[in-house]
Amino acid sequence: MEEKKGGTSAGGVVLPFLLGFVAALAFGWWGVPQLLYSKKVQPLVFTHQNHIELYGMMCDDCHSFRRDGSFAGLPDNAKCAECHSFPMGDHPDEIKFVEEYYEKGIEVPWLVYQYQPDNVFFSHAAHREYDCATAGCHPDVGSSNELPAYYENRLTKYSRDTMKMKDCERCHATVAAQEPERFAGAPNACQICHK
Amino acid sequence: MALNRRSFLTFAAGGVAGTLFTPVIWKSIDDTAIWTQNWPWIPRLEYGPRAYAATTCKLCPAGCGLNIRTAGGRPVAAEGRTDHPLSQGGICPLGAAAVQLLYAPARIKGPMQKQADGTHQPISWDQAEALLKEKLAEQNGKKDAVVCVSGDENGTINELFSALLGGLGSDGCFLMPGEQIVASKILREGSIGYDLENADFVLVFGADLLDGWGTAVRNKKAYGAAHPMGEEASAEYVYVGPTQNVTGGAADQWVSIAPGMEGVLALGVAYHLLQGGMTAPQAHDFFAYRNFVINRYTPEYVERLTGVAPEQVAELARKLRSANKPLIIPGSTIAQGGGVFNFAAALSLNMLFDNVNSAGGIQVLPDLPTVVSGAKEPAQVRAKDLVAYVQGVAEGKVSKPAVCLVYEANPLFALPLPDVTAQAFDGTYLVSFSTFYDETAAQADLLLPTPTFIERFDDVQTPYGSGFASYSLTRPAIRQPIFDTKPTGDVLLAVAKALGIDLGFASFDKVLEAKVAVLSELEGFFTDKVQPWEARAGKAPAAASGNLWRTISRGAVWASITEPFPTAMQLGSTIISQTAPPDAEDWTFPVSLAAMDSRTYGSRHIAIPPFCLPLLGEQEIQGDVFYVWMNSATARSYGLQAEDRVTLTGPNGSCLAKVRIFEGVGRNMVAAPLGFGHTAWDKFSRNKGDNIYKVLTVRTEPGSNLAVWADSRVRIAKA
Ligand code: SF4
């Protein structure tokens with residue numbers, strides 16, 4: 001009786017513990033993200049690759065800086081319509097853009113992977129020397145043929161790809177340390193970003 | 001393995017341990033914190049394309065060009081427009097608050113009617129217009145039973161008011177008081193402008209040129225251009241007035257005199273010029289003028305009245321004579337309530353220098369032709385004296401109007417003696433078109449809110465003080481008005497139609513289009529390449545052509561420098577001698593009140609916006625008590641010290657304030673800002689300081705019969 005108790009006790013403790021442990025890991029690493037994020041797709045198919053490779057366009061043909069240094073972000077209908085005011089080809093999304101959006105005067109509700117929260121001041125102009133993709137701030141969609149899925153946090157409503165404060169801080173710390181003279185304005189003081 | 005209590009607990013323990021190796025807890029804490037940023041009542045930024053809409057400011061009569069910056073179609077900021085000759089990139093504090101005012105809690109959200117219990121209840125636009133029509137129909141044909149008070153000095157809307165009133169048999173279309181009313185007593189047609197940009201010596205009497213007077217932002221630009229940083233100034237500015245207001249502080253020289261004494265000093269200067277042999281052969285009345293000035297305005301007399309030493313007066317005359325292009329600007333410190341005497345006396349100096357209609361001189365500017373049939377000429381409207389009328393009604397000498405329409409004006413707050421004004425209109429059916437719940441709206445029987453200038457089409461014709469005739473449009477910078485407002489022009493047209501009065505237009509936009517159309521028959525140019533002052537100095541502009549409406553509605557400014565009509569010049573000797581002030585001391589009210597008007601404190605019809613409150617210094621307002629300024633000698637003679645509470649008492653009212661010691665106020669004077677003491681509006685603008693209009697005293701100027709109050713006097717006492 002005692003032996004049995006002892007025998008089952010060793011296996012009886014380790015196994016449930018392990019099972020619980022593994023279940024928690026699975027839930028935490030796989031299940032929670034499934035629950036937390038809803039997956040959304042962009043309203044239209046868009047290929048960066050074609051625009052760059054076939055038509056020789058540059059990033060800043062569309063994602064440009066204005067004269068005042070502010071970043072224009074995504075192009076609006078008017079910009080797209082410089083080429084696409086009539087459907088170019090017969091892709092259904094091509095027609096959809098012209099008929100559903102451009103002609104009706106509705107801006108395409110593109111999902112932006114990287115909007116910062118409203119309490120952060122971020123200037124693209126101050127960061128224009130850094131390569132957006134390799135610096136790790138953005139997913140590198142520039143050479144892709146399709147836009148990645150957009151994952152929205154059900155709780156916070158932010159994109160999963162929203163850059164975290166620690167990423168900003170890390171870069172500000174290293175960059176400011178590397179060339180303190182040049183980047184005197186990039187310390188990690190709160191008011192640098194939270195104005 | 002049996003599932004017993006122990007294994008379940010170990011399983012749970014394993015689960016807890018495992019969880020520690022996943023991001024679940026940290027992520028939950030983090031996301032919960034982020035979630036709190038997104039609660040629906042937390043303000044969000046609007047995303048969307050950014051754009052600029054070029055328009056013209058209507059918050060005061062100066063007519064500056066503004067760029068309204070929008071994000072996602074939503075106005076977010078107002079900025080100065082570099083391409084507009086009346087602002088040249090500048091903006092005043094009030095203009096900078098324009099977008100904030102769009103969302104101010106004081107805005108009226110739709111038409112309302114006053115109830116028996118005194119509250120206002122919403123009604124529909126159809127009901128509101130029907131009610132207005134009914135009230136006006138009752139008065140149809142009764143002489144002067146309907147009046148209107150407009151605070152818009154230079155908009156075409158006044159044509160609709162005067163034509164509608166005319167159709168009803170009334171002649172009572174009034175403007176809120178301003179310099180143009182005084183100027184109209186001198187010049188019966190057109191208005192007077194000042195070519196600051198081309199002058200090299202500017203002598204200002206009273207007018208706070210760089211803040212609340214005339215085309216203030218343009219004036220600042222001209223002043224700035226003449227005073228380049230680190231270089232010799234190319235024009236000298238001398239300010240004659242009671243305080244070191246913005247103009248007095250910036251000017252190269254400040255001559256302190258009491259309000260109301262400007263004309264005496266001007267004639268004192270004229271005395272020296274005439275003694276020095278200057279003549280004005282082009283003026284018919286030169287000899288009468290010369291005799292009058294030389295006999296009466298001797299250095300001793302001028303010193304006795306103004307306190308300015310004779311050498312200083314002679315020095316001013318010398319400086320004027322040695323200038324190439326002297327310009328003398330008459331005005332009152334508060335741009336209202338000045339008399340004809342001060343105005344005409346200062347203006348006459350220009351004629352001695354023969355600088356009428358020449359570069360750097362005074363300009364006679366044409367009024368643009370009217371387009372609404374039955375409308376009065378602007379000069380006829382300017383000739384009417386609202387304050388005298390209100391006083392007449394209050395005293396029972398003039399019959400009380402049955403209906404009063406108030407547009408872009410707040411007469412129950414911003415006329416001298418607001419209590420008398422309230423009494424005069426007591427029993428009158430008061431209709432307010434204000435979009436803000438101002439003091440007049442709070443008393444009104446019917447509220448018909450107009451959209452703000454950011455939400456409507458409107459126009460600005462030659463603002464008073466501008467050196468050239470001009471026209472620009474105000475246009476909506478927002479797709480939809482924020483509240484259920486309706487442009488007053490459209491309301492007037494609809495009501496006129498219902499009354500069977502044909503004003504000839506279907507909408508106010510069409511009125512403006514017609515106005516623009518008449519410009520093509522006049523000589524004018526767009527101010528893109530050549531500015532009007534450059535044109536006056538000899539640079540040739542290209543005549544305006546093409547589709548004028550299209551160009552002007554996108555922000556272009558039409559300007560003209562043509563001389564409107566041959567002006568037979570007079571020095572005004574008759575009017576100057578008739579309106580000369582009596583030489584008597586006032587012992588009951590011994591202190592001169594130098595009221596101050598600044599765009600930081602709002603304008604005549606706009607209360608200080610919340611946006612401007614942080615601009616107020618510690619010595620302008622503390623808590624709900626505001627400051628009046630006096631120099632230390634004046635304070636001492638009344639036993640006052642800084643921070644003491646005082647009352648200023650005029651013949652009809654008094655105000656409570658604190659004392660600020662400021663040596664930039666003349667002796668035996670007290671300076672006090674207008675625009676405080678609002679009782680309506682919203683919690684941001686209300687209950688701050690006291691209303692100085694309460695202590696302004698109206699007197700009738702002999703000779704001109706004009707109501708005058710810029711030279712009010714008070715008693716001061718420790719409170
Ligand atoms: S001075 Fe008058 S017109 Fe110009 S920005 Fe200020 S409020 Fe507007």
# chains A, B, ... in the order shown; residues from 1 in each chain; ligands from 1
$ residues_near_ligand --ligand "ligand 1" --cutoff "8 Å" --atoms "only C-alpha atoms and all ligand atoms" --output "list in words"
Thr56, Cys57, Lys58, Leu59, Cys60, Pro61, Ala62, Gly63, Cys64, Gly65, Leu66, Gly80, Ser87, Gly90, Ile91, Cys92, Pro93, Leu94, Gly95, Ala96, Ala98, Asp211, Gly212, Thr215, Ala216, Val217, Arg599, Gly602 and Ser603 of chain B
$ residues_around --residues "segment 86-92 of chain A" --least-positions-apart "6" --cutoff "12 Å" --atoms "only C-alpha atoms" --output "list in words"
Pro43, Leu44, Val45, Phe46, Cys80, Val98, Glu99, Glu100, Tyr101, Tyr102 and Glu103 of chain A
$ residues_around --residues "segment 480-485 of chain B" --least-positions-apart "3" --cutoff "6 Å" --atoms "only C-alpha atoms" --output "CSV table (one decimal) with N, CA and C atoms, in the first residue's frame"
chain,number,residue,atom,x,y,z
B,109,LYS,N,-25.9,75.3,-31.1
B,109,LYS,CA,-25.9,74.1,-32.0
B,109,LYS,C,-27.0,74.1,-33.0
B,110,GLY,N,-27.9,75.1,-32.9
B,110,GLY,CA,-29.0,75.1,-33.9
B,110,GLY,C,-29.9,76.3,-33.6
B,449,PRO,N,-28.2,80.8,-35.5
B,449,PRO,CA,-26.8,80.8,-35.6
B,449,PRO,C,-26.3,80.6,-37.0
B,450,THR,N,-25.3,81.4,-37.4
B,450,THR,CA,-24.6,81.4,-38.7
B,450,THR,C,-23.4,80.5,-38.5
B,451,PRO,N,-23.0,79.8,-39.6
B,451,PRO,CA,-21.7,79.1,-39.4
B,451,PRO,C,-20.5,80.0,-39.2
B,455,GLU,N,-16.6,77.7,-42.0
B,455,GLU,CA,-17.7,76.8,-42.5
B,455,GLU,C,-18.5,77.5,-43.6
$ closest_atom_pairs --of "chain B" --to "chain A" --cutoff "6 Å" --atoms "only C-alpha atoms" --output "CSV"
residue,atom,partner,partner_atom,distance
B:Ser7,CA,A:Pro16,CA,5.8
B:Thr10,CA,A:Phe17,CA,5.0
B:Phe11,CA,A:Pro16,CA,4.3
B:Ala12,CA,A:Gly20,CA,5.9
B:Gly14,CA,A:Phe17,CA,4.1
B:Gly15,CA,A:Gly20,CA,4.1
B:Gly18,CA,A:Phe21,CA,4.2
B:Thr19,CA,A:Ala24,CA,5.2
B:Thr22,CA,A:Gly28,CA,5.2
B:Val24,CA,A:Gly28,CA,5.5
B:Ile34,CA,A:Thr156,CA,5.9
B:Trp35,CA,A:Thr156,CA,4.4
$ write_last_selection --atoms "all heavy atoms" --output "PDB file, in the first residue's frame"
ATOM      1  N   SER B   7      -3.170  14.879  -8.113  1.00  0.00           N
ATOM      2  CA  SER B   7      -2.638  15.049  -9.474  1.00  0.00           C
ATOM      3  C   SER B   7      -3.205  16.306 -10.121  1.00  0.00           C
ATOM      4  O   SER B   7      -2.538  16.996 -10.898  1.00  0.00           O
ATOM      5  CB  SER B   7      -2.900  13.809 -10.324  1.00  0.00           C
ATOM      6  OG  SER B   7      -4.273  13.540 -10.359  1.00  0.00           O
ATOM      7  N   THR B  10      -1.115  19.125  -8.850  1.00  0.00           N
ATOM      8  CA  THR B  10       0.217  19.155  -9.474  1.00  0.00           C
ATOM      9  C   THR B  10       0.106  19.624 -10.920  1.00  0.00           C
ATOM     10  O   THR B  10       0.934  20.364 -11.426  1.00  0.00           O
ATOM     11  CB  THR B  10       0.918  17.788  -9.440  1.00  0.00           C
ATOM     12  OG1 THR B  10      -0.036  16.780  -9.172  1.00  0.00           O
ATOM     13  CG2 THR B  10       2.028  17.736  -8.438  1.00  0.00           C
ATOM     14  N   PHE B  11      -0.974  19.170 -11.594  1.00  0.00           N
ATOM     15  CA  PHE B  11      -1.189  19.632 -12.973  1.00  0.00           C
ATOM     16  C   PHE B  11      -1.309  21.172 -12.986  1.00  0.00           C
ATOM     17  O   PHE B  11      -0.665  21.865 -13.781  1.00  0.00           O
ATOM     18  CB  PHE B  11      -2.479  18.991 -13.512  1.00  0.00           C
ATOM     19  CG  PHE B  11      -2.858  19.459 -14.894  1.00  0.00           C
ATOM     20  CD1 PHE B  11      -2.218  18.923 -16.020  1.00  0.00           C
ATOM     21  CD2 PHE B  11      -3.835  20.437 -15.082  1.00  0.00           C
ATOM     22  CE1 PHE B  11      -2.563  19.361 -17.277  1.00  0.00           C
ATOM     23  CE2 PHE B  11      -4.176  20.866 -16.351  1.00  0.00           C
ATOM     24  CZ  PHE B  11      -3.539  20.321 -17.460  1.00  0.00           C
ATOM     25  N   ALA B  12      -2.103  21.652 -12.052  1.00  0.00           N
ATOM     26  CA  ALA B  12      -2.293  23.105 -11.984  1.00  0.00           C
ATOM     27  C   ALA B  12      -0.985  23.805 -11.670  1.00  0.00           C
ATOM     28  O   ALA B  12      -0.645  24.834 -12.273  1.00  0.00           O
ATOM     29  CB  ALA B  12      -3.344  23.449 -10.921  1.00  0.00           C
ATOM     30  N   GLY B  14       1.968  22.727 -12.406  1.00  0.00           N
ATOM     31  CA  GLY B  14       2.745  22.698 -13.659  1.00  0.00           C
ATOM     32  C   GLY B  14       2.268  23.784 -14.602  1.00  0.00           C
ATOM     33  O   GLY B  14       3.057  24.466 -15.259  1.00  0.00           O
ATOM     34  N   GLY B  15       0.935  23.937 -14.651  1.00  0.00           N
ATOM     35  CA  GLY B  15       0.386  24.984 -15.523  1.00  0.00           C
ATOM     36  C   GLY B  15       0.859  26.366 -15.117  1.00  0.00           C
ATOM     37  O   GLY B  15       1.289  27.177 -15.956  1.00  0.00           O
ATOM     38  N   GLY B  18       4.445  26.666 -16.005  1.00  0.00           N
ATOM     39  CA  GLY B  18       4.596  26.803 -17.456  1.00  0.00           C
ATOM     40  C   GLY B  18       4.234  28.198 -17.919  1.00  0.00           C
ATOM     41  O   GLY B  18       4.916  28.787 -18.770  1.00  0.00           O
ATOM     42  N   THR B  19       3.185  28.727 -17.344  1.00  0.00           N
ATOM     43  CA  THR B  19       2.749  30.069 -17.742  1.00  0.00           C
ATOM     44  C   THR B  19       3.856  31.095 -17.558  1.00  0.00           C
ATOM     45  O   THR B  19       3.997  32.032 -18.346  1.00  0.00           O
ATOM     46  CB  THR B  19       1.503  30.473 -16.914  1.00  0.00           C
ATOM     47  OG1 THR B  19       0.545  29.423 -17.042  1.00  0.00           O
ATOM     48  CG2 THR B  19       0.914  31.765 -17.394  1.00  0.00           C
ATOM     49  N   THR B  22       5.835  31.680 -20.507  1.00  0.00           N
ATOM     50  CA  THR B  22       5.185  32.230 -21.708  1.00  0.00           C
ATOM     51  C   THR B  22       4.990  33.733 -21.471  1.00  0.00           C
ATOM     52  O   THR B  22       5.066  34.203 -20.330  1.00  0.00           O
ATOM     53  CB  THR B  22       3.782  31.618 -21.926  1.00  0.00           C
ATOM     54  OG1 THR B  22       2.916  32.117 -20.896  1.00  0.00           O
ATOM     55  CG2 THR B  22       3.812  30.113 -21.890  1.00  0.00           C
ATOM     56  N   VAL B  24       2.303  35.334 -21.496  1.00  0.00           N
ATOM     57  CA  VAL B  24       0.895  35.652 -21.255  1.00  0.00           C
ATOM     58  C   VAL B  24       0.698  36.751 -20.201  1.00  0.00           C
ATOM     59  O   VAL B  24       0.003  37.732 -20.423  1.00  0.00           O
ATOM     60  CB  VAL B  24       0.107  34.373 -20.870  1.00  0.00           C
ATOM     61  CG1 VAL B  24      -1.272  34.731 -20.328  1.00  0.00           C
ATOM     62  CG2 VAL B  24      -0.039  33.477 -22.079  1.00  0.00           C
ATOM     63  N   ILE B  34      -2.272  49.304 -22.438  1.00  0.00           N
ATOM     64  CA  ILE B  34      -2.501  49.977 -23.731  1.00  0.00           C
ATOM     65  C   ILE B  34      -4.005  50.164 -23.975  1.00  0.00           C
ATOM     66  O   ILE B  34      -4.442  51.199 -24.453  1.00  0.00           O
ATOM     67  CB  ILE B  34      -1.857  49.169 -24.883  1.00  0.00           C
ATOM     68  CG1 ILE B  34      -0.342  49.189 -24.719  1.00  0.00           C
ATOM     69  CG2 ILE B  34      -2.235  49.748 -26.235  1.00  0.00           C
ATOM     70  CD1 ILE B  34       0.389  48.259 -25.666  1.00  0.00           C
ATOM     71  N   TRP B  35      -4.755  49.147 -23.559  1.00  0.00           N
ATOM     72  CA  TRP B  35      -6.210  49.221 -23.737  1.00  0.00           C
ATOM     73  C   TRP B  35      -6.778  50.478 -23.056  1.00  0.00           C
ATOM     74  O   TRP B  35      -7.660  51.141 -23.564  1.00  0.00           O
ATOM     75  CB  TRP B  35      -6.826  47.940 -23.154  1.00  0.00           C
ATOM     76  CG  TRP B  35      -8.303  47.952 -23.018  1.00  0.00           C
ATOM     77  CD1 TRP B  35      -9.215  48.000 -24.025  1.00  0.00           C
ATOM     78  CD2 TRP B  35      -9.041  47.899 -21.795  1.00  0.00           C
ATOM     79  NE1 TRP B  35     -10.487  47.978 -23.511  1.00  0.00           N
ATOM     80  CE2 TRP B  35     -10.403  47.908 -22.145  1.00  0.00           C
ATOM     81  CE3 TRP B  35      -8.692  47.824 -20.452  1.00  0.00           C
ATOM     82  CZ2 TRP B  35     -11.411  47.867 -21.185  1.00  0.00           C
ATOM     83  CZ3 TRP B  35      -9.692  47.779 -19.497  1.00  0.00           C
ATOM     84  CH2 TRP B  35     -11.043  47.801 -19.866  1.00  0.00           C
TER      85      TRP B  35
END
$ select_by_dssp --residues "segment 505-691 of chain B" --states "alpha helix (DSSP H)" --output "JSON, numbers by chain"
{"B": [508, 509, 510, 511, 512, 513, 514, 515, 516, 517, 518, 519, 532, 533, 534, 535, 536, 548, 549, 550, 551, 552, 553, 573, 574, 575, 576, 577, 578, 579, 632, 633, 634, 635, 636, 637]}
$ residues_around --residues "Ala207 of chain B" --least-positions-apart "5" --cutoff "9 Å" --atoms "only C-alpha atoms" --output "number ranges by chain"
B: 212-214, 239-241, 247, 329-335
$ write_last_selection --atoms "C-alpha atoms" --output "PDB file, in the first residue's frame"
ATOM      1  CA  GLY B 212      -6.194  96.333 -32.251  1.00  0.00           C
ATOM      2  CA  TRP B 213      -6.436  99.016 -34.935  1.00  0.00           C
ATOM      3  CA  GLY B 214      -7.224  98.622 -38.637  1.00  0.00           C
ATOM      4  CA  TYR B 239       3.414 107.161 -31.295  1.00  0.00           C
ATOM      5  CA  VAL B 240       1.347 109.830 -29.614  1.00  0.00           C
ATOM      6  CA  GLY B 241      -1.011 108.252 -27.110  1.00  0.00           C
ATOM      7  CA  THR B 247       2.493 100.532 -30.826  1.00  0.00           C
ATOM      8  CA  ILE B 329      -2.382 108.539 -38.941  1.00  0.00           C
ATOM      9  CA  PRO B 330      -5.357 109.685 -36.887  1.00  0.00           C
ATOM     10  CA  GLY B 331      -7.282 107.321 -34.676  1.00  0.00           C
ATOM     11  CA  SER B 332      -8.503 106.368 -31.272  1.00  0.00           C
ATOM     12  CA  THR B 333      -6.619 103.959 -29.013  1.00  0.00           C
ATOM     13  CA  ILE B 334      -9.564 101.590 -29.043  1.00  0.00           C
ATOM     14  CA  ALA B 335     -10.385 102.124 -32.724  1.00  0.00           C
TER      15      ALA B 335
END
$ atom_distance --atom1 "atom CA of Pro614 of chain B" --atom2 "atom CA of Ala657 of chain B"
19.5 Å
$ select_by_dssp --residues "chain A" --states "strand (DSSP E)" --output "list in words"
Tyr37, Ser38, Lys39, Lys40, Tyr150, Tyr151, Glu152 and Asn153 of chain A
$ write_last_selection --atoms "C-alpha atoms" --output "compact mmCIF listing (two decimals), in the first residue's frame"
# COMPACT_ATOMS: atom_id res chain seq x y z
CA TYR A 37 -5.37 38.79 -32.57
CA SER A 38 -7.92 38.94 -35.28
CA LYS A 39 -6.58 38.54 -38.76
CA LYS A 40 -7.55 41.12 -41.35
CA TYR A 150 -2.80 42.48 -40.68
CA TYR A 151 -3.23 41.26 -37.13
CA GLU A 152 -5.26 43.46 -34.88
CA ASN A 153 -5.05 43.12 -31.12
$ residues_around --residues "Gln114 of chain A" --least-positions-apart "4" --cutoff "8 Å" --atoms "only C-alpha atoms" --output "PyMOL selection string"
chain A and resi 138+159+161-163
$ atom_distance --atom1 "atom CA of Met261 of chain B" --atom2 "atom CA of Ala233 of chain B"
28.6 Å
$ residues_around --residues "segment 674-681 of chain B" --least-positions-apart "5" --cutoff "10 Å" --atoms "only C-alpha atoms" --output "PyMOL selection string"
chain B and resi 104-108+334+413-414+436-443+595-609+621+624-626+655+686-694
$ residues_around --residues "Leu316 of chain B" --least-positions-apart "2" --cutoff "12 Å" --atoms "only C-alpha atoms" --output "count of residues only"
37
$ closest_atom_pairs --of "segment 448-511 of chain B" --to "segment 557-571 of chain B" --cutoff "7 Å" --atoms "only C-alpha atoms" --output "tab-separated table"
residue	atom	partner	partner_atom	distance
B:Phe468	CA	B:Ile561	CA	5.6
B:Ala469	CA	B:Ser560	CA	5.2
B:Ser470	CA	B:Ala559	CA	4.2
B:Tyr471	CA	B:Trp558	CA	5.2
B:Ser472	CA	B:Val557	CA	5.0
